[in-house]
>>> print(open('protein.txt').read())   # compact mmCIF, C-alpha atoms
# COMPACT_ATOMS: atom_id res chain seq x y z
CA MET A 712 98.58 72.19 68.75
CA SER A 713 101.64 70.46 70.10
CA LEU A 714 104.70 70.22 68.00
CA GLN A 715 105.81 66.75 67.02
CA ALA A 716 108.88 65.57 68.82
CA GLN A 717 111.95 66.28 66.77
CA PRO A 718 114.37 63.39 66.23
CA PRO A 719 117.63 63.82 68.05
CA GLU A 720 120.42 65.20 65.92
CA ALA A 721 122.50 62.52 64.32
CA SER A 722 125.62 62.06 66.30
CA GLU A 723 128.87 62.99 64.68
CA PRO A 724 130.67 60.01 63.21
CA GLU A 725 133.37 58.71 65.47
CA THR A 726 136.92 59.51 64.55
CA PRO A 727 138.55 56.43 63.05
CA HIS A 728 141.33 54.74 64.92
CA LEU A 729 144.51 56.57 63.94
CA ASP A 730 147.15 55.37 66.37
CA PHE A 731 148.80 52.02 65.64
CA ALA A 732 151.80 50.43 67.26
CA GLY A 733 153.45 49.70 63.92
CA THR A 734 152.38 50.17 60.34
CA THR A 735 148.66 50.42 59.61
CA PRO A 736 146.62 47.23 59.13
CA TYR A 737 145.91 48.51 55.60
CA GLU A 738 149.63 48.67 54.84
CA ASP A 739 150.21 45.26 56.39
CA TYR A 740 147.60 43.75 54.08
CA VAL A 741 148.06 45.70 50.83
CA GLN A 742 151.81 46.35 51.03
CA ALA A 743 151.19 49.73 49.39
CA ASP A 744 154.56 51.11 50.48
CA VAL A 745 156.28 48.26 48.62
CA LEU A 746 154.13 48.72 45.50
CA THR A 747 154.59 52.48 45.30
CA HIS A 748 158.37 52.27 45.60
CA LEU A 749 158.96 49.73 42.85
CA GLN A 750 159.22 52.40 40.15
CA HIS A 751 162.82 53.08 39.17
CA THR A 752 162.91 55.02 35.94
CA LEU A 753 166.04 54.94 33.81
CA SER A 754 165.57 58.15 31.85
CA ASP A 755 164.67 61.77 32.60
CA ASP A 756 161.59 61.65 30.41
CA PRO A 757 158.38 62.13 32.46
CA GLY A 758 156.51 59.74 30.16
CA GLU A 759 158.61 56.80 31.29
CA MET A 760 156.85 56.76 34.68
CA VAL A 761 153.50 56.28 32.94
CA PHE A 762 154.91 53.46 30.83
CA LEU A 763 156.51 51.73 33.83
CA VAL A 764 153.50 51.96 36.15
CA THR A 765 151.11 50.86 33.40
CA THR A 766 153.28 47.84 32.68
CA GLN A 767 153.42 46.94 36.38
CA VAL A 768 149.63 47.25 36.62
CA MET A 769 149.35 44.87 33.66
CA GLU A 770 151.52 42.35 35.52
CA LEU A 771 149.18 42.51 38.52
CA TRP A 772 146.16 41.88 36.29
CA PHE A 773 147.98 38.94 34.65
CA THR A 774 148.45 37.49 38.13
CA VAL A 775 144.76 37.79 39.03
CA ILE A 776 143.61 36.35 35.70
CA VAL A 777 145.96 33.37 36.01
CA HIS A 778 144.48 32.75 39.46
CA GLU A 779 140.94 32.81 38.03
CA TRP A 780 141.72 30.48 35.13
CA GLU A 781 143.56 28.04 37.39
CA THR A 782 140.53 28.13 39.71
CA ALA A 783 138.28 27.39 36.74
CA ALA A 784 140.49 24.55 35.50
CA LYS A 785 140.55 22.94 38.96
CA ALA A 786 136.75 23.24 39.23
CA LEU A 787 136.28 21.63 35.81
CA ARG A 788 138.47 18.68 36.85
CA GLY A 789 136.00 18.19 39.70
CA ASP A 790 132.92 18.59 37.44
CA ASP A 791 132.02 21.80 39.28
CA VAL A 792 130.82 23.90 36.35
CA PRO A 793 129.17 26.73 38.39
CA THR A 794 132.45 27.49 40.20
CA ALA A 795 134.32 27.43 36.89
CA VAL A 796 131.81 29.76 35.22
CA ALA A 797 131.94 32.17 38.16
CA ALA A 798 135.74 32.34 37.93
CA LEU A 799 135.59 32.87 34.16
CA LYS A 800 133.03 35.66 34.56
CA ARG A 801 135.24 37.40 37.11
CA SER A 802 138.15 37.11 34.69
CA VAL A 803 136.06 38.83 32.01
CA ARG A 804 135.80 41.91 34.25
CA GLU A 805 139.50 41.66 34.97
CA LEU A 806 140.31 41.38 31.27
CA ASP A 807 138.26 44.53 30.70
CA ALA A 808 140.44 46.32 33.25
CA LEU A 809 143.60 44.82 31.77
CA ASN A 810 142.64 45.98 28.27
CA ALA A 811 141.92 49.47 29.60
CA SER A 812 145.58 49.60 30.64
CA TRP A 813 146.45 50.36 27.02
CA ARG A 814 144.65 53.71 27.17
CA PRO A 815 147.46 55.67 28.88
CA LEU A 816 149.86 54.36 26.22
CA SER A 817 147.60 54.45 23.17
CA GLN A 818 148.22 58.14 22.40
CA LEU A 819 152.02 57.98 22.41
CA THR A 820 153.61 59.65 19.42
CA PRO A 821 156.80 58.08 17.99
CA ALA A 822 158.85 60.96 19.41
CA GLN A 823 157.38 60.49 22.89
CA PHE A 824 158.02 56.75 22.90
CA ASN A 825 161.53 57.12 21.50
CA SER A 826 162.41 59.57 24.25
CA TYR A 827 162.66 56.69 26.75
CA ARG A 828 162.59 53.56 24.58
CA ALA A 829 166.35 53.10 24.97
CA ALA A 830 165.78 52.58 28.72
CA LEU A 831 164.04 49.28 27.90
CA GLY A 832 167.24 47.83 26.43
CA GLU A 833 166.49 44.20 25.54
CA GLY A 834 163.33 44.22 27.65
CA SER A 835 160.11 43.16 25.95
CA GLY A 836 156.62 42.19 27.02
CA PHE A 837 156.96 38.69 25.57
CA GLN A 838 159.48 38.03 28.38
CA SER A 839 156.73 38.37 31.01
CA ALA A 840 156.53 35.09 32.90
CA MET A 841 153.01 35.72 34.19
CA TYR A 842 151.73 36.61 30.73
CA ARG A 843 153.32 33.38 29.50
CA ARG A 844 151.36 31.46 32.13
CA MET A 845 148.20 33.09 30.79
CA GLU A 846 149.07 31.97 27.29
CA PHE A 847 149.82 28.42 28.48
CA LEU A 848 146.43 28.25 30.18
CA LEU A 849 144.85 29.25 26.86
CA GLY A 850 146.61 26.36 25.10
CA GLU A 851 149.33 28.49 23.50
CA LYS A 852 152.15 26.22 24.63
CA SER A 853 155.81 26.49 23.55
CA ALA A 854 158.77 25.05 25.44
CA SER A 855 161.05 27.64 23.83
CA MET A 856 159.31 30.34 25.88
CA LEU A 857 160.94 28.93 29.01
CA VAL A 858 164.41 29.78 27.71
CA PRO A 859 164.41 33.47 28.76
CA HIS A 860 163.77 32.40 32.38
CA ARG A 861 166.56 29.85 32.82
CA ALA A 862 168.42 32.13 35.23
CA ALA A 863 165.38 32.53 37.50
CA PRO A 864 164.86 29.08 39.09
CA ARG A 865 161.51 29.74 40.78
CA VAL A 866 159.97 31.40 37.73
CA HIS A 867 161.36 28.72 35.40
CA ALA A 868 159.98 25.93 37.61
CA GLU A 869 156.51 27.52 37.69
CA LEU A 870 156.47 27.90 33.91
CA GLU A 871 157.73 24.36 33.35
CA LYS A 872 154.96 23.04 35.61
CA ALA A 873 152.37 25.08 33.69
CA LEU A 874 153.76 23.84 30.37
CA HIS A 875 153.16 20.20 31.30
CA GLU A 876 149.73 20.70 32.88
CA PRO A 877 146.48 20.56 30.89
CA SER A 878 145.36 23.96 29.70
CA LEU A 879 142.01 25.45 30.67
CA TYR A 880 140.65 24.36 27.28
CA ASP A 881 142.00 20.83 27.76
CA GLU A 882 139.99 20.61 30.97
CA VAL A 883 136.89 21.90 29.16
CA LEU A 884 137.19 19.25 26.44
CA ARG A 885 137.73 16.49 29.02
CA LEU A 886 134.56 17.66 30.77
CA LEU A 887 132.63 17.52 27.49
CA ALA A 888 133.85 13.96 26.95
CA ARG A 889 132.69 12.96 30.45
CA ARG A 890 129.30 14.51 29.69
CA GLY A 891 128.87 12.31 26.62
CA TYR A 892 130.16 14.49 23.77
CA ASP A 893 132.31 12.78 21.14
CA ILE A 894 135.79 14.19 21.80
CA PRO A 895 138.44 12.07 20.02
CA ASP A 896 141.00 10.12 22.06
CA ALA A 897 143.70 11.87 20.06
CA VAL A 898 142.56 15.16 21.61
CA LEU A 899 142.04 13.79 25.12
CA SER A 900 145.42 12.02 25.25
CA ARG A 901 147.45 14.61 23.34
CA ASP A 902 150.78 15.94 24.61
CA VAL A 903 149.54 18.94 26.60
CA SER A 904 152.97 20.59 26.47
CA LEU A 905 152.34 21.31 22.78
CA ARG A 906 150.21 24.07 21.29
CA TYR A 907 146.57 23.09 20.90
CA GLU A 908 145.54 22.50 17.29
CA PRO A 909 141.90 22.76 16.11
CA SER A 910 139.92 19.56 15.56
CA ALA A 911 136.93 19.02 13.25
CA ASP A 912 135.52 16.54 15.77
CA VAL A 913 135.73 19.09 18.58
CA GLU A 914 134.00 21.59 16.31
CA ALA A 915 131.21 19.03 15.76
CA ALA A 916 130.86 18.57 19.52
CA TRP A 917 130.45 22.30 20.08
CA THR A 918 127.99 22.44 17.17
CA ALA A 919 125.87 19.74 18.80
CA LEU A 920 126.07 21.45 22.17
CA TYR A 921 125.05 24.85 20.78
CA SER A 922 122.20 23.29 18.80
CA GLY A 923 120.58 22.28 22.09
CA ASP A 924 119.26 24.25 25.07
CA PRO A 925 120.98 27.67 25.14
CA ASP A 926 120.44 27.86 28.89
CA ALA A 927 122.03 24.49 29.62
CA GLU A 928 125.01 24.44 31.97
CA LEU A 929 127.55 23.58 29.27
CA ALA A 930 126.17 26.21 26.90
CA ARG A 931 126.68 28.83 29.60
CA LEU A 932 130.21 27.53 30.06
CA GLY A 933 130.80 27.89 26.32
CA GLU A 934 129.57 31.48 26.37
CA ALA A 935 131.79 32.36 29.34
CA LEU A 936 134.76 30.92 27.44
CA THR A 937 133.76 32.90 24.36
CA ASP A 938 133.68 36.11 26.41
CA VAL A 939 137.22 35.34 27.58
CA ALA A 940 138.38 34.55 24.05
CA GLU A 941 136.92 37.78 22.68
CA LEU A 942 138.70 39.91 25.26
CA VAL A 943 142.01 38.10 24.71
CA TRP A 944 141.62 38.90 21.01
CA ARG A 945 140.91 42.55 21.90
CA TRP A 946 144.00 42.61 24.14
CA ARG A 947 146.17 41.42 21.27
CA ASN A 948 144.66 43.94 18.86
CA ASP A 949 144.96 46.82 21.30
CA HIS A 950 148.60 45.86 21.80
CA LEU A 951 149.08 45.84 18.05
CA VAL A 952 147.46 49.26 17.57
CA ALA A 953 149.36 50.88 20.44
CA THR A 954 152.66 49.51 19.13
CA ARG A 955 151.93 50.50 15.54
CA ARG A 956 151.07 54.01 16.67
CA ALA A 957 154.19 54.39 18.82
CA MET A 958 156.83 52.83 16.59
CA GLY A 959 155.38 51.92 13.22
CA ALA A 960 156.98 48.88 11.58
CA LYS A 961 160.34 49.11 13.36
CA ALA A 962 161.80 46.00 14.98
CA GLY A 963 160.53 45.42 18.50
CA THR A 964 162.55 45.38 21.68
CA GLY A 965 164.03 42.05 22.69
CA GLY A 966 164.64 41.05 19.08
CA SER A 967 160.99 40.53 18.11
CA ALA A 968 159.61 41.57 14.73
CA GLY A 969 157.48 44.22 16.42
CA VAL A 970 154.22 44.95 14.60
CA ALA A 971 154.67 42.01 12.20
CA TRP A 972 154.86 39.58 15.14
CA LEU A 973 151.85 41.19 16.84
CA GLU A 974 149.82 41.04 13.62
CA LYS A 975 150.41 37.31 13.42
CA ARG A 976 149.32 36.89 17.05
CA ALA A 977 146.20 38.99 16.54
CA GLN A 978 144.99 36.69 13.76
CA LYS A 979 144.72 33.69 16.10
CA ASN A 980 141.51 32.79 17.89
CA VAL A 981 141.54 31.40 21.41
CA PHE A 982 139.36 28.26 21.84
CA PRO A 983 139.08 28.05 18.02
CA GLU A 984 136.21 25.56 17.65
CA LEU A 985 133.95 27.74 19.79
CA TRP A 986 134.13 30.25 16.93
CA THR A 987 134.01 27.97 13.91
CA ALA A 988 131.12 25.87 15.29
CA ARG A 989 128.86 28.92 15.07
CA SER A 990 128.85 28.62 11.29
CA HIS A 991 127.09 25.24 11.62
CA VAL A 992 124.42 25.97 14.25
>>> encode(input="protein.txt", output="structure tokens")
Amino acid sequence: MSLQAQPPEASEPETPHLDFAGTTPYEDYVQADVLTHLQHTLSDDPGEMVFLVTTQVMELWFTVIVHEWETAAKALRGDDVPTAVAALKRSVRELDALNASWRPLSQLTPAQFNSYRAALGEGSGFQSAMYRRMEFLLGEKSASMLVPHRAAPRVHAELEKALHEPSLYDEVLRLLARRGYDIPDAVLSRDVSLRYEPSADVEAAWTALYSGDPDAELARLGEALTDVAELVWRWRNDHLVATRRAMGAKAGTGGSAGVAWLEKRAQKNVFPELWTARSHV
């Protein structure tokens, strides 16, 4: 009986291209050498490196999330709900990753945090320009939050532009109005540089929407927004818990009230009528 022909041995994988005229294409694209040399600790405590890198990672996630929400807002202006929902869903995954950034910091004891806290000086997370752009997109507008950035012209100009542009939620409500839902003129023509305030009429519109087909395009948009809102709430609460664990009720850096200020923030819902309307469906 003849033996079956054996398949030829798989050839060894080719050695990847290792010789480049300059830096590697990976480095040219990712700029890893720049990223990994941006860490300049100010104390001798080894925990400061963890704090600094984690904070820088948070800034990168803020940047991606702002990009997604701006993409969603632009799509909504053009009545392109699928593109908006896709961007919002990506941002949900990114918010998950952002929230996980608290884990390396969540176990800090007061002594560990105090060992390098002085290195922060007047620095505080509320001074983050990219986080402020996130908040503006959520409708949490405040012109006073531009003040810390007066000495940085490019950053100040970007924040001022974001302050005077409709928030993501403003664009959602304008879309609902175009689709026939009764959104008051006072909401549609409001000064978008001011913080969004809840409206009973907007709540009624969401109630009507959620009382209809749960698989309708606008209902799916509402659920994507709710996923975002939930994770923003979790971010604020995780921040609160990490801060309370590390420093108790002491005043925060940068002159904030610390835990007391974070507690107040954690009580606020993003896209408020999306939550209150559920009591009426």
>>> residues_around(input="protein.txt", residues="region 799-806 of chain A", least_positions_apart="4", cutoff="8 Å", atoms="only C-alpha atoms", output="list in words")
Trp772, Val775, Ile776, Glu779, Trp780, Ala783, Ala795, Asn810, Ala935, Leu936, Asp938, Val939, Leu942 and Val943 of chain A
>>> residues_around(input="protein.txt", residues="Ser817 (chain A)", least_positions_apart="3", cutoff="10 Å", atoms="all atoms listed in the file", output="MDAnalysis selection string")
chainID A and resid 811:814 820 949:950 952:957
>>> atom_distance(input="protein.txt", atom1="CA of Phe982 (chain A)", atom2="CA of Thr765 (chain A)")
28.0 Å
>>> closest_residue(input="protein.txt", among="A:Glu876, A:Asp790, A:Glu974, A:Glu770", to="Ser839 (chain A)", atoms="all atoms listed in the file")
A:Glu770
>>> atom_distance(input="protein.txt", atom1="CA of Pro877 (chain A)", atom2="CA of Arg901 (chain A)")
9.7 Å
>>> residues_near_point(input="protein.txt", point="(167.2, 49.8, 30.7)", cutoff="12 Å", atoms="all atoms listed in the file", output="ChimeraX atom specification")
/A:751-754,759,763,827-835,964-965
>>> write_last_selection(input="protein.txt", atoms="C-alpha atoms", output="short mmCIF file (atom, residue, chain, number, x, y, z; two decimals), in the frame of the given file")
data_model
loop_
_atom_site.label_atom_id
_atom_site.label_comp_id
_atom_site.auth_asym_id
_atom_site.auth_seq_id
_atom_site.Cartn_x
_atom_site.Cartn_y
_atom_site.Cartn_z
CA HIS A 751 162.82 53.08 39.17
CA THR A 752 162.91 55.02 35.94
CA LEU A 753 166.04 54.94 33.81
CA SER A 754 165.57 58.15 31.85
CA GLU A 759 158.61 56.80 31.29
CA LEU A 763 156.51 51.73 33.83
CA TYR A 827 162.66 56.69 26.75
CA ARG A 828 162.59 53.56 24.58
CA ALA A 829 166.35 53.10 24.97
CA ALA A 830 165.78 52.58 28.72
CA LEU A 831 164.04 49.28 27.90
CA GLY A 832 167.24 47.83 26.43
CA GLU A 833 166.49 44.20 25.54
CA GLY A 834 163.33 44.22 27.65
CA SER A 835 160.11 43.16 25.95
CA THR A 964 162.55 45.38 21.68
CA GLY A 965 164.03 42.05 22.69
#
>>> residues_around(input="protein.txt", residues="Ser855 (chain A)", least_positions_apart="2", cutoff="12 Å", atoms="all atoms listed in the file", output="list in words")
Phe837, Gln838, Arg843, Glu851, Lys852, Ser853, Leu857, Val858, Pro859, His860, Arg861, His867, Leu870, Glu871, Leu874, Ser904, Leu905 and Arg906 of chain A
>>> closest_residue(input="protein.txt", among="A:Leu787, A:Ile894, A:Leu932, A:Ala940", to="Pro983 (chain A)", atoms="only C-alpha atoms")
A:Ala940
>>> residues_around(input="protein.txt", residues="region 907-919 of chain A", least_positions_apart="3", cutoff="10 Å", atoms="all atoms listed in the file", output="PyMOL selection string")
chain A and resi 847+849-852+878+880-881+884+887-888+891-895+897-898+901-904+922-923+929-930+933+981-992
>>> write_last_selection(input="protein.txt", atoms="C-alpha atoms", output="PDB file, keeping the file's coordinate frame")
ATOM      1  CA  PHE A 847     149.820  28.420  28.480  1.00  0.00           C
ATOM      2  CA  LEU A 849     144.850  29.250  26.860  1.00  0.00           C
ATOM      3  CA  GLY A 850     146.610  26.360  25.100  1.00  0.00           C
ATOM      4  CA  GLU A 851     149.330  28.490  23.500  1.00  0.00           C
ATOM      5  CA  LYS A 852     152.150  26.220  24.630  1.00  0.00           C
ATOM      6  CA  SER A 878     145.360  23.960  29.700  1.00  0.00           C
ATOM      7  CA  TYR A 880     140.650  24.360  27.280  1.00  0.00           C
ATOM      8  CA  ASP A 881     142.000  20.830  27.760  1.00  0.00           C
ATOM      9  CA  LEU A 884     137.190  19.250  26.440  1.00  0.00           C
ATOM     10  CA  LEU A 887     132.630  17.520  27.490  1.00  0.00           C
ATOM     11  CA  ALA A 888     133.850  13.960  26.950  1.00  0.00           C
ATOM     12  CA  GLY A 891     128.870  12.310  26.620  1.00  0.00           C
ATOM     13  CA  TYR A 892     130.160  14.490  23.770  1.00  0.00           C
ATOM     14  CA  ASP A 893     132.310  12.780  21.140  1.00  0.00           C
ATOM     15  CA  ILE A 894     135.790  14.190  21.800  1.00  0.00           C
ATOM     16  CA  PRO A 895     138.440  12.070  20.020  1.00  0.00           C
ATOM     17  CA  ALA A 897     143.700  11.870  20.060  1.00  0.00           C
ATOM     18  CA  VAL A 898     142.560  15.160  21.610  1.00  0.00           C
ATOM     19  CA  ARG A 901     147.450  14.610  23.340  1.00  0.00           C
ATOM     20  CA  ASP A 902     150.780  15.940  24.610  1.00  0.00           C
ATOM     21  CA  VAL A 903     149.540  18.940  26.600  1.00  0.00           C
ATOM     22  CA  SER A 904     152.970  20.590  26.470  1.00  0.00           C
ATOM     23  CA  SER A 922     122.200  23.290  18.800  1.00  0.00           C
ATOM     24  CA  GLY A 923     120.580  22.280  22.090  1.00  0.00           C
ATOM     25  CA  LEU A 929     127.550  23.580  29.270  1.00  0.00           C
ATOM     26  CA  ALA A 930     126.170  26.210  26.900  1.00  0.00           C
ATOM     27  CA  GLY A 933     130.800  27.890  26.320  1.00  0.00           C
ATOM     28  CA  VAL A 981     141.540  31.400  21.410  1.00  0.00           C
ATOM     29  CA  PHE A 982     139.360  28.260  21.840  1.00  0.00           C
ATOM     30  CA  PRO A 983     139.080  28.050  18.020  1.00  0.00           C
ATOM     31  CA  GLU A 984     136.210  25.560  17.650  1.00  0.00           C
ATOM     32  CA  LEU A 985     133.950  27.740  19.790  1.00  0.00           C
ATOM     33  CA  TRP A 986     134.130  30.250  16.930  1.00  0.00           C
ATOM     34  CA  THR A 987     134.010  27.970  13.910  1.00  0.00           C
ATOM     35  CA  ALA A 988     131.120  25.870  15.290  1.00  0.00           C
ATOM     36  CA  ARG A 989     128.860  28.920  15.070  1.00  0.00           C
ATOM     37  CA  SER A 990     128.850  28.620  11.290  1.00  0.00           C
ATOM     38  CA  HIS A 991     127.090  25.240  11.620  1.00  0.00           C
ATOM     39  CA  VAL A 992     124.420  25.970  14.250  1.00  0.00           C
TER      40      VAL A 992
END
>>> closest_residue(input="protein.txt", among="A:Leu771, A:Ala784, A:Val866, A:Met841", to="Ala808 (chain A)", atoms="only C-alpha atoms")
A:Leu771
>>> atom_distance(input="protein.txt", atom1="CA of Val761 (chain A)", atom2="CA of Asn825 (chain A)")
14.0 Å
>>> residues_around(input="protein.txt", residues="Met845 (chain A)", least_positions_apart="3", cutoff="6 Å", atoms="all atoms listed in the file", output="ChimeraX atom specification")
/A:777,842,848
>>> build_atoms(input="protein.txt", residues="region 845-856 of chain A", atoms="N, CA, C and O atoms", output="PDB file, in the frame of the given file")
ATOM      1  N   MET A 845     149.518  32.866  31.388  1.00  0.00           N
ATOM      2  CA  MET A 845     148.200  33.090  30.790  1.00  0.00           C
ATOM      3  C   MET A 845     148.093  32.382  29.453  1.00  0.00           C
ATOM      4  O   MET A 845     147.113  31.681  29.179  1.00  0.00           O
ATOM      5  N   GLU A 846     149.088  32.574  28.614  1.00  0.00           N
ATOM      6  CA  GLU A 846     149.070  31.970  27.290  1.00  0.00           C
ATOM      7  C   GLU A 846     149.046  30.441  27.383  1.00  0.00           C
ATOM      8  O   GLU A 846     148.334  29.779  26.622  1.00  0.00           O
ATOM      9  N   PHE A 847     149.816  29.879  28.303  1.00  0.00           N
ATOM     10  CA  PHE A 847     149.820  28.420  28.480  1.00  0.00           C
ATOM     11  C   PHE A 847     148.441  27.921  28.890  1.00  0.00           C
ATOM     12  O   PHE A 847     147.981  26.874  28.421  1.00  0.00           O
ATOM     13  N   LEU A 848     147.768  28.660  29.767  1.00  0.00           N
ATOM     14  CA  LEU A 848     146.430  28.250  30.180  1.00  0.00           C
ATOM     15  C   LEU A 848     145.434  28.302  29.027  1.00  0.00           C
ATOM     16  O   LEU A 848     144.444  27.569  29.012  1.00  0.00           O
ATOM     17  N   LEU A 849     145.709  29.151  28.041  1.00  0.00           N
ATOM     18  CA  LEU A 849     144.850  29.250  26.860  1.00  0.00           C
ATOM     19  C   LEU A 849     145.173  28.199  25.811  1.00  0.00           C
ATOM     20  O   LEU A 849     144.511  28.119  24.780  1.00  0.00           O
ATOM     21  N   GLY A 850     146.225  27.398  26.056  1.00  0.00           N
ATOM     22  CA  GLY A 850     146.610  26.360  25.100  1.00  0.00           C
ATOM     23  C   GLY A 850     147.711  26.780  24.163  1.00  0.00           C
ATOM     24  O   GLY A 850     148.105  26.016  23.281  1.00  0.00           O
ATOM     25  N   GLU A 851     148.240  27.993  24.340  1.00  0.00           N
ATOM     26  CA  GLU A 851     149.330  28.490  23.500  1.00  0.00           C
ATOM     27  C   GLU A 851     150.657  28.063  24.131  1.00  0.00           C
ATOM     28  O   GLU A 851     151.357  28.869  24.741  1.00  0.00           O
ATOM     29  N   LYS A 852     150.977  26.789  23.987  1.00  0.00           N
ATOM     30  CA  LYS A 852     152.150  26.220  24.630  1.00  0.00           C
ATOM     31  C   LYS A 852     153.373  26.282  23.706  1.00  0.00           C
ATOM     32  O   LYS A 852     153.268  26.085  22.487  1.00  0.00           O
ATOM     33  N   SER A 853     154.545  26.520  24.283  1.00  0.00           N
ATOM     34  CA  SER A 853     155.810  26.490  23.550  1.00  0.00           C
ATOM     35  C   SER A 853     156.942  26.376  24.556  1.00  0.00           C
ATOM     36  O   SER A 853     157.145  27.280  25.381  1.00  0.00           O
ATOM     37  N   ALA A 854     157.666  25.264  24.500  1.00  0.00           N
ATOM     38  CA  ALA A 854     158.770  25.050  25.440  1.00  0.00           C
ATOM     39  C   ALA A 854     159.864  26.096  25.273  1.00  0.00           C
ATOM     40  O   ALA A 854     160.564  26.436  26.234  1.00  0.00           O
ATOM     41  N   SER A 855     159.997  26.648  24.077  1.00  0.00           N
ATOM     42  CA  SER A 855     161.050  27.640  23.830  1.00  0.00           C
ATOM     43  C   SER A 855     160.832  28.900  24.675  1.00  0.00           C
ATOM     44  O   SER A 855     161.780  29.643  24.951  1.00  0.00           O
ATOM     45  N   MET A 856     159.596  29.154  25.095  1.00  0.00           N
ATOM     46  CA  MET A 856     159.310  30.340  25.880  1.00  0.00           C
ATOM     47  C   MET A 856     159.797  30.232  27.320  1.00  0.00           C
ATOM     48  O   MET A 856     159.701  31.198  28.080  1.00  0.00           O
TER      49      MET A 856
END
